[in-house]
2 protein chains.
Amino acid sequence: MIKANDPSLQSWIEVPVNSDFPIQNLPFGIARSHGAVSIIGNTVISLAGLQELNYFSAIKLPKSIFASDSLNGFIELGKPTWRTLRDRLSELFRKDNAELRDNEEAKKKCLVNISEVTMLLPVKIGDYTDFYSSKEHASNVGSMFRDPKNALLPNWLHLPVAYHGRASSVIVSGQNFHRPKGQMAPPNTETPVFGSTKALDIELETAFIIGKSTELGTSVSTKDAEDHIFGMVLFNDWSARDIQRWEYVPLGPFLAKNFASTISPWIVTLDALEPFRVQAPKQEPAVLPYLEHAQGNTAVDIKLEVYLQPDKTEALKICASNYKYMYWTMDQQLAHHTVNGCNINVGDMMASGTISGPTPDSFGSLLEITWGGANPIKFPNGTERKYLQDGDTVIIKGYAQNDKVRIGFGEAKAMVLPAT
Amino acid sequence: MIKANDPSLQSWIEVPVNSDFPIQNLPFGIARSHGAVSIIGNTVISLAGLQELNYFSAIKLPKSIFASDSLNGFIELGKPTWRTLRDRLSELFRKDNAELRDNEEAKKKCLVNISEVTMLLPVKIGDYTDFYSSKEHASNVGSMFRDPKNALLPNWLHLPVAYHGRASSVIVSGQNFHRPKGQMAPPNTETPVFGSTKALDIELETAFIIGKSTELGTSVSTKDAEDHIFGMVLFNDWSARDIQRWEYVPLGPFLAKNFASTISPWIVTLDALEPFRVQAPKQEPAVLPYLEHAQGNTAVDIKLEVYLQPDKTEALKICASNYKYMYWTMDQQLAHHTVNGCNINVGDMMASGTISGPTPDSFGSLLEITWGGANPIKFPNGTERKYLQDGDTVIIKGYAQNDKVRIGFGEAKAMVLPAT
């Protein structure tokens, strides 16, 4: 077991019950005016501050590596360094370590309450890829728009379908965005109209962040894939279904997606998620050799929830899904992405695609939850929703939990502002 | 007329007949060990050198702005600065100006023959978008794969169809790449096999480079679009047709394209192309208001040629097309791309899509030139080609020319190496 994952560890920093951030998590993020940070409970930890005060003197780190507006520089130092740093944080903050605990001046310099901090995008995302790897989601969409008996297209069970998304419009939790405008064709017509979308949807996803670059012309095997993954975030791939329906043939979604995509600010390392590895679903038919896995737990049990909060209405949980349902794993996604020699860079983001489970309460988009609008979501106060309205806030939460520890992601949250 | 475009200008630097780079061009690029450079004839001009020697002292420029591995910092200074700098270069290098001409030491420091220089990618590309804006190309593809009577999909005449490409695998002319491997389904089967592509193709394109960023949630009008465009390059969107055919539904091309995309190293400014503006093709049906153009010459007359050179065989011109054939203009592409609030950044690249003309000798891909393999390209020595073989070199050339001046792009060239 990775030392920092020991469930018996406790921190001298207070950790509220059901906090996403016990000492076993130690995710990484970027905070305005603080640079690279980690968190325990509600206490944000300035890594630049700790480095400056020589708390990392035993680790080989470039000067001021944490005084940055992105984690890319730190991530580029490589997996052994991430691990060593996480181990050191685990040691420094555990209950019985007085080094920092009893140094009031140092604590003042390095620790700050989360309420006083604005979290920013954790990485400079070079390229962003979105997969389509939930069999339940692909089947639901295929059933609605094509034929329930042939819901999956012929390629789906053979490769993790994916497309390139727009990196520039990835925003961090808490940043709201305007309802997009665009072209859409009214039902049964082929003459488009222009306006703001009437079918603004969510997509419950996670994403992983690349931790090790490759050269053009080289490939990453499923076996080596996790050496190239730094960690994971929550992801909401906002989608304008009416714009999408009109524009997407033959080259895929474009303006229906690239107006905004929300990620959670904390990157949870694969190391922290290690106790929650589980078997991935059986793949039938067998995959081609380059997509084969070594034996083992290649999926991760991450509970995922979506809350919808219309203006002046209480938030309602509209979905409870799980990352473990994914048909294609991160390792397979990365092996597929690079099998043609495509190079990847530190900070690249690869999203899962909508994560739908087997039952309607686990569907990851409004399209599926309402089954194309046939079953609107009903709030206790009578409010109904097929798609999002202005003023609606959507919150995605995620956490891995067993009877000993909870490794959470925080949230990916944003409100829909009116079209400009 | 822009001063630096005066066709009567001559430089004290020798310009060979039919050079792409007369004093009226002054494109921008990045050279290894030199940073930002321009070129006249075969002479590369070090902008960092000129700045250091105070030849730009009348222009407000940050210190060492040209000593960089990308033009992004310079481009961010804005259009008035690009113009002022181009005007100054035009002045400094014209025949009757002795400032630099008669300073041997300064010339030694700032000028170098192109043969002694390695050109690099000119910009850090944040996001790369590929349009699909040639009516002839879309019609050819639609005719081959669907129905010649309904070759265009319903959305095509209403919006410039586009998708996001991969920025990391954009390479500069002269860098060769390996034939990609991947999944493909043999004809009439739905069981894929794995191997190297048997259908490696080219796509003759140009691309424009964003010169001015926008904020998320804002849009760029057709009228303002060219304030946001720095210049243009040649572009070869290498494509593996067999991989593409199997993977592209429903989310568009992915591994069939992202193994390599070649651009020419010199960014030719829109200012330099200004004398070559021409009317764009008439659009019927009328476009929605946000895509309407002001009156004027919104297209550009750029002659484009593709040469194919198998190993140990003479190069053959396989296509002569023209950028002026494009149905959708750059202004419309940019207005469409941002109408939903999608933000753009300096250095982003937006490619045209395959530029096919009306006649078979102007088709911009092997798929079209050979009409799906039915009419192989025949070389004088008997060699034939349907798709590219290992050792084949493809060269795209481009230039705008009238009876007074030729503004060229140089070339986008690469050789296909065997699969690894």
# chains A, B, ... in the order shown; residues from 1 in each chain; ligands from 1
>>> interface_residues(of="chain B", to="chain A", cutoff="8 Å", atoms="only C-alpha atoms", output="ChimeraX atom specification")
/B:126-127,153-155,158,161-169,177-178,180-182,190,192-194,216-217,246-255,258-260,288,337,339-345,420
>>> residues_around(residues="Pro275 (chain A)", least_positions_apart="4", cutoff="10 Å", atoms="only C-alpha atoms", output="PyMOL selection string")
chain A and resi 1-2+5-7+270-271+300-301+400-402+405+407
>>> write_last_selection(atoms="all heavy atoms", output="mmCIF file, in the first residue's frame")
data_model
loop_
_atom_site.group_PDB
_atom_site.id
_atom_site.type_symbol
_atom_site.label_atom_id
_atom_site.label_comp_id
_atom_site.auth_asym_id
_atom_site.auth_seq_id
_atom_site.Cartn_x
_atom_site.Cartn_y
_atom_site.Cartn_z
ATOM 1 N N MET A 1 0.839 -1.211 0.000
ATOM 2 C CA MET A 1 0.000 0.000 0.000
ATOM 3 C C MET A 1 0.865 1.249 0.000
ATOM 4 O O MET A 1 1.932 1.270 0.605
ATOM 5 C CB MET A 1 -0.911 0.008 1.239
ATOM 6 C CG MET A 1 -1.951 1.112 1.195
ATOM 7 S SD MET A 1 -3.105 1.062 2.582
ATOM 8 C CE MET A 1 -2.054 1.507 3.947
ATOM 9 N N ILE A 2 0.390 2.266 -0.700
ATOM 10 C CA ILE A 2 1.103 3.546 -0.681
ATOM 11 C C ILE A 2 0.989 4.125 0.732
ATOM 12 O O ILE A 2 -0.108 4.192 1.298
ATOM 13 C CB ILE A 2 0.490 4.502 -1.729
ATOM 14 C CG1 ILE A 2 0.708 3.926 -3.136
ATOM 15 C CG2 ILE A 2 1.091 5.894 -1.599
ATOM 16 C CD1 ILE A 2 -0.160 4.542 -4.202
ATOM 17 N N ASN A 5 -1.639 6.529 1.960
ATOM 18 C CA ASN A 5 -3.028 6.080 1.921
ATOM 19 C C ASN A 5 -3.461 5.381 3.212
ATOM 20 O O ASN A 5 -4.626 5.008 3.341
ATOM 21 C CB ASN A 5 -3.236 5.094 0.764
ATOM 22 C CG ASN A 5 -3.148 5.784 -0.587
ATOM 23 O OD1 ASN A 5 -3.170 7.008 -0.672
ATOM 24 N ND2 ASN A 5 -3.043 4.994 -1.644
ATOM 25 N N ASP A 6 -2.558 5.164 4.142
ATOM 26 C CA ASP A 6 -2.872 4.448 5.377
ATOM 27 C C ASP A 6 -4.137 5.022 6.024
ATOM 28 O O ASP A 6 -4.155 6.184 6.447
ATOM 29 C CB ASP A 6 -1.667 4.583 6.325
ATOM 30 C CG ASP A 6 -1.873 3.813 7.622
ATOM 31 O OD1 ASP A 6 -3.032 3.436 7.928
ATOM 32 O OD2 ASP A 6 -0.870 3.595 8.318
ATOM 33 N N PRO A 7 -5.203 4.236 6.110
ATOM 34 C CA PRO A 7 -6.477 4.782 6.607
ATOM 35 C C PRO A 7 -6.424 5.172 8.083
ATOM 36 O O PRO A 7 -7.300 5.898 8.559
ATOM 37 C CB PRO A 7 -7.470 3.649 6.362
ATOM 38 C CG PRO A 7 -6.665 2.415 6.205
ATOM 39 C CD PRO A 7 -5.328 2.833 5.683
ATOM 40 N N LEU A 270 -4.039 9.540 -8.909
ATOM 41 C CA LEU A 270 -4.356 8.111 -9.007
ATOM 42 C C LEU A 270 -3.879 7.380 -7.755
ATOM 43 O O LEU A 270 -4.499 6.412 -7.328
ATOM 44 C CB LEU A 270 -3.699 7.492 -10.251
ATOM 45 C CG LEU A 270 -4.342 7.783 -11.606
ATOM 46 C CD1 LEU A 270 -3.859 6.741 -12.620
ATOM 47 C CD2 LEU A 270 -5.855 7.817 -11.555
ATOM 48 N N ASP A 271 -2.777 7.858 -7.182
ATOM 49 C CA ASP A 271 -2.282 7.230 -5.953
ATOM 50 C C ASP A 271 -3.331 7.274 -4.846
ATOM 51 O O ASP A 271 -3.556 6.284 -4.147
ATOM 52 C CB ASP A 271 -0.998 7.941 -5.475
ATOM 53 C CG ASP A 271 0.241 7.479 -6.252
ATOM 54 O OD1 ASP A 271 0.140 6.467 -6.969
ATOM 55 O OD2 ASP A 271 1.284 8.144 -6.129
ATOM 56 N N VAL A 300 -12.233 2.218 -11.348
ATOM 57 C CA VAL A 300 -12.197 2.896 -10.044
ATOM 58 C C VAL A 300 -13.630 3.130 -9.585
ATOM 59 O O VAL A 300 -14.479 3.572 -10.363
ATOM 60 C CB VAL A 300 -11.469 4.260 -10.126
ATOM 61 C CG1 VAL A 300 -11.128 4.752 -8.726
ATOM 62 C CG2 VAL A 300 -10.212 4.185 -10.981
ATOM 63 N N ASP A 301 -13.877 2.814 -8.322
ATOM 64 C CA ASP A 301 -15.209 2.994 -7.738
ATOM 65 C C ASP A 301 -15.335 4.429 -7.219
ATOM 66 O O ASP A 301 -14.902 4.729 -6.103
ATOM 67 C CB ASP A 301 -15.376 1.971 -6.613
ATOM 68 C CG ASP A 301 -16.733 2.080 -5.918
ATOM 69 O OD1 ASP A 301 -17.505 3.002 -6.233
ATOM 70 O OD2 ASP A 301 -17.000 1.223 -5.057
ATOM 71 N N ALA A 400 -14.813 8.744 -3.598
ATOM 72 C CA ALA A 400 -14.590 7.313 -3.402
ATOM 73 C C ALA A 400 -14.645 7.077 -1.896
ATOM 74 O O ALA A 400 -14.086 7.850 -1.120
ATOM 75 C CB ALA A 400 -13.233 6.924 -3.958
ATOM 76 N N GLN A 401 -15.355 6.045 -1.466
ATOM 77 C CA GLN A 401 -15.543 5.863 -0.018
ATOM 78 C C GLN A 401 -15.595 4.386 0.323
ATOM 79 O O GLN A 401 -16.227 3.588 -0.362
ATOM 80 C CB GLN A 401 -16.846 6.556 0.416
ATOM 81 C CG GLN A 401 -17.020 6.618 1.922
ATOM 82 C CD GLN A 401 -18.025 7.688 2.344
ATOM 83 O OE1 GLN A 401 -18.866 8.097 1.557
ATOM 84 N NE2 GLN A 401 -17.923 8.139 3.582
ATOM 85 N N ASN A 402 -14.907 4.021 1.389
ATOM 86 C CA ASN A 402 -15.109 2.705 1.988
ATOM 87 C C ASN A 402 -15.421 2.923 3.468
ATOM 88 O O ASN A 402 -15.702 4.052 3.868
ATOM 89 C CB ASN A 402 -13.889 1.798 1.738
ATOM 90 C CG ASN A 402 -12.601 2.439 2.238
ATOM 91 O OD1 ASN A 402 -12.620 3.217 3.196
ATOM 92 N ND2 ASN A 402 -11.489 2.122 1.586
ATOM 93 N N VAL A 405 -12.324 5.455 4.907
ATOM 94 C CA VAL A 405 -11.847 6.745 4.410
ATOM 95 C C VAL A 405 -12.679 7.189 3.210
ATOM 96 O O VAL A 405 -13.270 6.356 2.509
ATOM 97 C CB VAL A 405 -10.327 6.644 4.063
ATOM 98 C CG1 VAL A 405 -10.102 5.847 2.810
ATOM 99 C CG2 VAL A 405 -9.689 8.019 3.955
ATOM 100 N N ILE A 407 -12.280 9.654 -0.134
ATOM 101 C CA ILE A 407 -11.409 10.476 -0.983
ATOM 102 C C ILE A 407 -12.317 11.209 -1.969
ATOM 103 O O ILE A 407 -12.874 10.605 -2.884
ATOM 104 C CB ILE A 407 -10.397 9.591 -1.753
ATOM 105 C CG1 ILE A 407 -9.528 8.782 -0.787
ATOM 106 C CG2 ILE A 407 -9.535 10.438 -2.703
ATOM 107 C CD1 ILE A 407 -8.622 9.612 0.092
#
>>> atom_distance(atom1="CA of Val112 (chain A)", atom2="CA of Val268 (chain A)")
19.7 Å
>>> residues_around(residues="Tyr327 (chain B)", least_positions_apart="2", cutoff="8 Å", atoms="only C-alpha atoms", output="ChimeraX atom specification")
/B:133-135,280-283,325,329
>>> write_last_selection(atoms="all heavy atoms", output="JSON list (two decimals), in the first residue's frame")
[["chain", "number", "residue", "atom", "x", "y", "z"],
["B", 133, "SER", "N", -14.92, 23.72, -45.74],
["B", 133, "SER", "CA", -15.60, 24.86, -46.36],
["B", 133, "SER", "C", -15.53, 24.93, -47.87],
["B", 133, "SER", "O", -15.94, 25.91, -48.46],
["B", 133, "SER", "CB", -15.04, 26.16, -45.76],
["B", 133, "SER", "OG", -15.47, 26.33, -44.43],
["B", 134, "SER", "N", -15.00, 23.90, -48.52],
["B", 134, "SER", "CA", -14.99, 23.88, -49.98],
["B", 134, "SER", "C", -16.22, 23.10, -50.46],
["B", 134, "SER", "O", -16.35, 21.91, -50.16],
["B", 134, "SER", "CB", -13.71, 23.22, -50.50],
["B", 134, "SER", "OG", -13.92, 22.67, -51.79],
["B", 135, "LYS", "N", -17.07, 23.77, -51.20],
["B", 135, "LYS", "CA", -18.29, 23.12, -51.69],
["B", 135, "LYS", "C", -17.94, 21.97, -52.64],
["B", 135, "LYS", "O", -18.56, 20.91, -52.60],
["B", 135, "LYS", "CB", -19.15, 24.15, -52.42],
["B", 135, "LYS", "CG", -20.54, 23.66, -52.78],
["B", 135, "LYS", "CD", -21.36, 24.80, -53.34],
["B", 135, "LYS", "CE", -22.71, 24.32, -53.86],
["B", 135, "LYS", "NZ", -23.46, 25.42, -54.49],
["B", 280, "ALA", "N", -15.87, 36.61, -53.06],
["B", 280, "ALA", "CA", -16.14, 35.21, -52.73],
["B", 280, "ALA", "C", -17.28, 34.70, -53.60],
["B", 280, "ALA", "O", -18.07, 35.49, -54.13],
["B", 280, "ALA", "CB", -16.49, 35.10, -51.25],
["B", 281, "PRO", "N", -17.39, 33.37, -53.76],
["B", 281, "PRO", "CA", -18.51, 32.82, -54.53],
["B", 281, "PRO", "C", -19.85, 33.27, -53.93],
["B", 281, "PRO", "O", -19.96, 33.47, -52.73],
["B", 281, "PRO", "CB", -18.33, 31.30, -54.37],
["B", 281, "PRO", "CG", -16.90, 31.10, -54.01],
["B", 281, "PRO", "CD", -16.50, 32.32, -53.25],
["B", 282, "LYS", "N", -20.83, 33.41, -54.77],
["B", 282, "LYS", "CA", -22.18, 33.77, -54.32],
["B", 282, "LYS", "C", -22.74, 32.64, -53.45],
["B", 282, "LYS", "O", -22.56, 31.47, -53.77],
["B", 282, "LYS", "CB", -23.07, 33.99, -55.54],
["B", 282, "LYS", "CG", -24.44, 34.59, -55.19],
["B", 282, "LYS", "CD", -25.20, 34.96, -56.45],
["B", 282, "LYS", "CE", -26.70, 35.10, -56.16],
["B", 282, "LYS", "NZ", -27.00, 35.99, -55.04],
["B", 283, "GLN", "N", -23.39, 33.03, -52.37],
["B", 283, "GLN", "CA", -23.96, 32.01, -51.48],
["B", 283, "GLN", "C", -25.47, 31.93, -51.67],
["B", 283, "GLN", "O", -26.18, 32.93, -51.53],
["B", 283, "GLN", "CB", -23.59, 32.31, -50.03],
["B", 283, "GLN", "CG", -22.08, 32.17, -49.80],
["B", 283, "GLN", "CD", -21.66, 32.42, -48.37],
["B", 283, "GLN", "OE1", -22.13, 33.35, -47.72],
["B", 283, "GLN", "NE2", -20.76, 31.59, -47.87],
["B", 325, "TYR", "N", -11.70, 29.60, -54.32],
["B", 325, "TYR", "CA", -12.88, 28.75, -54.54],
["B", 325, "TYR", "C", -13.70, 28.54, -53.27],
["B", 325, "TYR", "O", -14.85, 28.08, -53.34],
["B", 325, "TYR", "CB", -12.44, 27.36, -55.06],
["B", 325, "TYR", "CG", -11.75, 27.36, -56.39],
["B", 325, "TYR", "CD1", -10.63, 26.56, -56.61],
["B", 325, "TYR", "CD2", -12.23, 28.13, -57.45],
["B", 325, "TYR", "CE1", -10.00, 26.54, -57.85],
["B", 325, "TYR", "CE2", -11.60, 28.11, -58.69],
["B", 325, "TYR", "CZ", -10.48, 27.32, -58.87],
["B", 325, "TYR", "OH", -9.85, 27.29, -60.09],
["B", 329, "THR", "N", -15.90, 32.02, -46.16],
["B", 329, "THR", "CA", -14.69, 32.82, -45.99],
["B", 329, "THR", "C", -14.15, 32.73, -44.56],
["B", 329, "THR", "O", -14.86, 32.28, -43.65],
["B", 329, "THR", "CB", -14.97, 34.29, -46.30],
["B", 329, "THR", "OG1", -15.86, 34.79, -45.29],
["B", 329, "THR", "CG2", -15.60, 34.46, -47.68]]
>>> closest_residue(among="A:Lys223, A:Ala272, A:Tyr55, A:Asn140", to="Thr370 (chain A)", atoms="only C-alpha atoms")
A:Asn140
>>> residues_around(residues="region 371-388 of chain A", least_positions_apart="4", cutoff="9 Å", atoms="only C-alpha atoms", output="list in words")
Asn140, Met144, Lys198, Ala199, Leu200, Asp201, Ile202, Leu308, Pro310, Thr313, Glu314, Ala315, Leu316, Ile318, Leu366, Leu367, Asp392, Thr393, Val394 and Val416 of chain A
>>> write_last_selection(atoms="N, CA and C atoms", output="short mmCIF file (atom, residue, chain, number, x, y, z; two decimals), in the first residue's frame")
data_model
loop_
_atom_site.label_atom_id
_atom_site.label_comp_id
_atom_site.auth_asym_id
_atom_site.auth_seq_id
_atom_site.Cartn_x
_atom_site.Cartn_y
_atom_site.Cartn_z
N ASN A 140 -28.36 4.40 -24.55
CA ASN A 140 -29.53 5.27 -24.37
C ASN A 140 -29.68 6.24 -25.53
N MET A 144 -32.71 6.29 -28.39
CA MET A 144 -33.60 7.44 -28.62
C MET A 144 -33.53 7.92 -30.05
N LYS A 198 -32.51 26.08 -26.80
CA LYS A 198 -33.68 25.71 -25.99
C LYS A 198 -33.45 24.35 -25.33
N ALA A 199 -32.31 23.78 -25.53
CA ALA A 199 -32.06 22.41 -25.06
C ALA A 199 -30.68 22.31 -24.42
N LEU A 200 -30.47 23.14 -23.39
CA LEU A 200 -29.17 23.15 -22.72
C LEU A 200 -29.11 22.00 -21.72
N ASP A 201 -28.11 21.16 -21.87
CA ASP A 201 -28.02 19.92 -21.11
C ASP A 201 -26.69 19.86 -20.36
N ILE A 202 -26.61 18.90 -19.49
CA ILE A 202 -25.36 18.59 -18.79
C ILE A 202 -24.82 17.26 -19.30
N LEU A 308 -29.35 19.58 -9.22
CA LEU A 308 -29.87 20.68 -10.04
C LEU A 308 -30.60 21.65 -9.11
N PRO A 310 -32.60 25.09 -9.45
CA PRO A 310 -33.17 26.28 -10.10
C PRO A 310 -33.09 27.47 -9.14
N THR A 313 -34.85 27.83 -5.58
CA THR A 313 -35.43 26.51 -5.30
C THR A 313 -34.34 25.66 -4.69
N GLU A 314 -34.75 24.70 -3.85
CA GLU A 314 -33.75 23.86 -3.23
C GLU A 314 -33.12 22.90 -4.25
N ALA A 315 -31.87 22.62 -4.07
CA ALA A 315 -31.18 21.69 -4.99
C ALA A 315 -31.77 20.30 -4.86
N LEU A 316 -31.88 19.62 -5.99
CA LEU A 316 -32.42 18.27 -6.03
C LEU A 316 -31.36 17.36 -6.63
N ILE A 318 -30.39 14.75 -8.95
CA ILE A 318 -31.07 14.21 -10.13
C ILE A 318 -30.36 12.98 -10.71
N LEU A 366 -29.54 15.18 -18.88
CA LEU A 366 -30.99 15.45 -18.84
C LEU A 366 -31.69 14.74 -20.00
N LEU A 367 -31.01 14.69 -21.14
CA LEU A 367 -31.56 13.98 -22.30
C LEU A 367 -31.99 12.58 -21.91
N ASP A 392 -30.42 28.43 -13.44
CA ASP A 392 -30.21 27.08 -12.90
C ASP A 392 -28.73 26.87 -12.57
N THR A 393 -28.49 26.27 -11.42
CA THR A 393 -27.13 25.88 -11.05
C THR A 393 -27.04 24.35 -11.07
N VAL A 394 -25.96 23.85 -11.64
CA VAL A 394 -25.72 22.40 -11.64
C VAL A 394 -24.44 22.13 -10.88
N VAL A 416 -26.18 28.81 -15.06
CA VAL A 416 -26.47 29.25 -16.43
C VAL A 416 -26.94 30.70 -16.40
#
>>> residues_around(residues="Met119 (chain B)", least_positions_apart="6", cutoff="8 Å", atoms="only C-alpha atoms", output="list in words")
Gly29, Ile30, Ala31, Arg32, Val172 and Pro265 of chain B
>>> closest_residue(among="A:Val15, A:Cys319, A:Leu53, A:Ala151", to="Phe93 (chain A)", atoms="only C-alpha atoms")
A:Val15
>>> residues_around(residues="Ala67 (chain A)", least_positions_apart="3", cutoff="7 Å", atoms="only C-alpha atoms", output="list of chain:residue names")
A:Gly35, A:Ala36, A:Ala48, A:Ser64
